[in-house]
Amino acid sequence: MKELMPKLIEWISAFGLKLIAAIAILIIGKFVIKGIKKLLTKALEKKKVDKEVISFTESLTYSVLWVFVIIAALAQLGIQTSSFLAVIGAAGLAVGLALQGSLSNFAAGFLMIILRPFKVDDYVEAGGVSGIVKNINIFTTEFVSFDNKKIIVPNSQIMNGTITNYTAEKIRRVDFKFGVGYESDIKKVKGIFNKLIKEHKLILKDPQPFVRMGNLGDSSLDFTVRVWTKTEDYWTVHFDLTENIKEEFDKENINIPFPQMDVHMIKE
């Protein structure tokens with residue numbers, strides 16, 4: 001027992017030093033990875049690389065560097081990393097099958113960078129959600145909704161479905177449908193629409209606005225109004241024109257029909 005104690009103390013001391021060195025590698029590696037990530041980001045930004053490419057590259061670089069740091073820490077502890085890597089390689093098929101979802105997300109993220117269906121800061125509907133794209137990572141894409149909720153969607157879910165990019169084009173069409181009473185003067189109603197369209201500074205003259213009566217409804221004459229504006233002004237035009245038309249109809253005593261129910265009471 002007395003002979004074992006010095007050897008045990010010696011082993012603990014040696015292992016303790018290795019453990020401290022491994023921890024140091026992890027801590028130093030963390031700061032080094034952050035530093036490399038920042039330098040890479042600055043270099044890409046200096047070259048004016050797209051934000052989505054920067055985001056994807058950052059995420060990929062971060063993951064790869066951490067793998068090297070962990071392997072270095074394991075080697076410091078005396079673990080044979082060559083054997084460790086061999087075991088990983090032998091189990092590659094099983095791991096691949098287990099992580100096929102993650103691999104498909106990675107492949108989808110790579111395709112998103114190449115095909116570029118959207119970019120960072122675009123307003124997009126994809127993967128069953130809608131919001132502003134904030135980050136495109138190696139496995140997921142981050143959105144922020146209009147009510148400021150962070151939504152994380154797997155990349156494969158996005159690429160396997162329909163993608164609607166609302167901000168890809170510089171201009172958008174704003175569509176309206178208004179119903180007026182059958183007693184209304186059609187020319188007068190169209191004149192109001194054209195007047196308000198002409199007065200609104202954010203509505204474009206080219207493409208030309210469209211104002212026509214499109215349907216004879218059950219209780220109303222239904223008008224279709226289509227105007228074009230810059231993409232960033234879409235909602236401003238939508239709300240402004242809706243309010244202005246209602247106010248102008250009230251001034252001109254133009255009736256907007258609404259559902260009514262007549263109730264007849266029968267006394268027995």
# chains A, B, ... in the order shown; residues from 1 in each chain; ligands from 1
$ residues_around --residues "A:Trp66" --least-positions-apart "3" --cutoff "10 Å" --atoms "only C-alpha atoms" --output "list of chain:residue names"
A:Leu26, A:Gly29, A:Lys30, A:Ile33, A:Thr61, A:Tyr62, A:Ser63, A:Val69, A:Ile70, A:Ile71, A:Ala72
$ residues_around --residues "stretch 150-161 of chain A" --least-positions-apart "2" --cutoff "10 Å" --atoms "only C-alpha atoms" --output "MDAnalysis selection string"
chainID A and resid 101:112 117 125:148 163:164
$ residues_around --residues "stretch 172-187 of chain A" --least-positions-apart "2" --cutoff "7 Å" --atoms "only C-alpha atoms" --output "VMD selection string"
chain A and resid 189 to 191 219 to 231 234 238 254 to 257
$ closest_residue --among "A:Lys251, A:Lys195, A:Ala73, A:Phe118" --to "A:Ile28" --atoms "only C-alpha atoms"
A:Ala73
$ atom_distance --atom1 "atom CA of A:Lys198" --atom2 "atom CA of A:Gly217"
27.3 Å
$ closest_residue --among "A:Leu196, A:Leu65, A:Leu204, A:Ile36" --to "A:Glu243" --atoms "only C-alpha atoms"
A:Leu196
$ select_by_dssp --residues "stretch 54-189 of chain A" --states "strand (DSSP E or B)" --output "ChimeraX atom specification"
/A:123-126,129-136,140-144,150-154,164-165,171-180
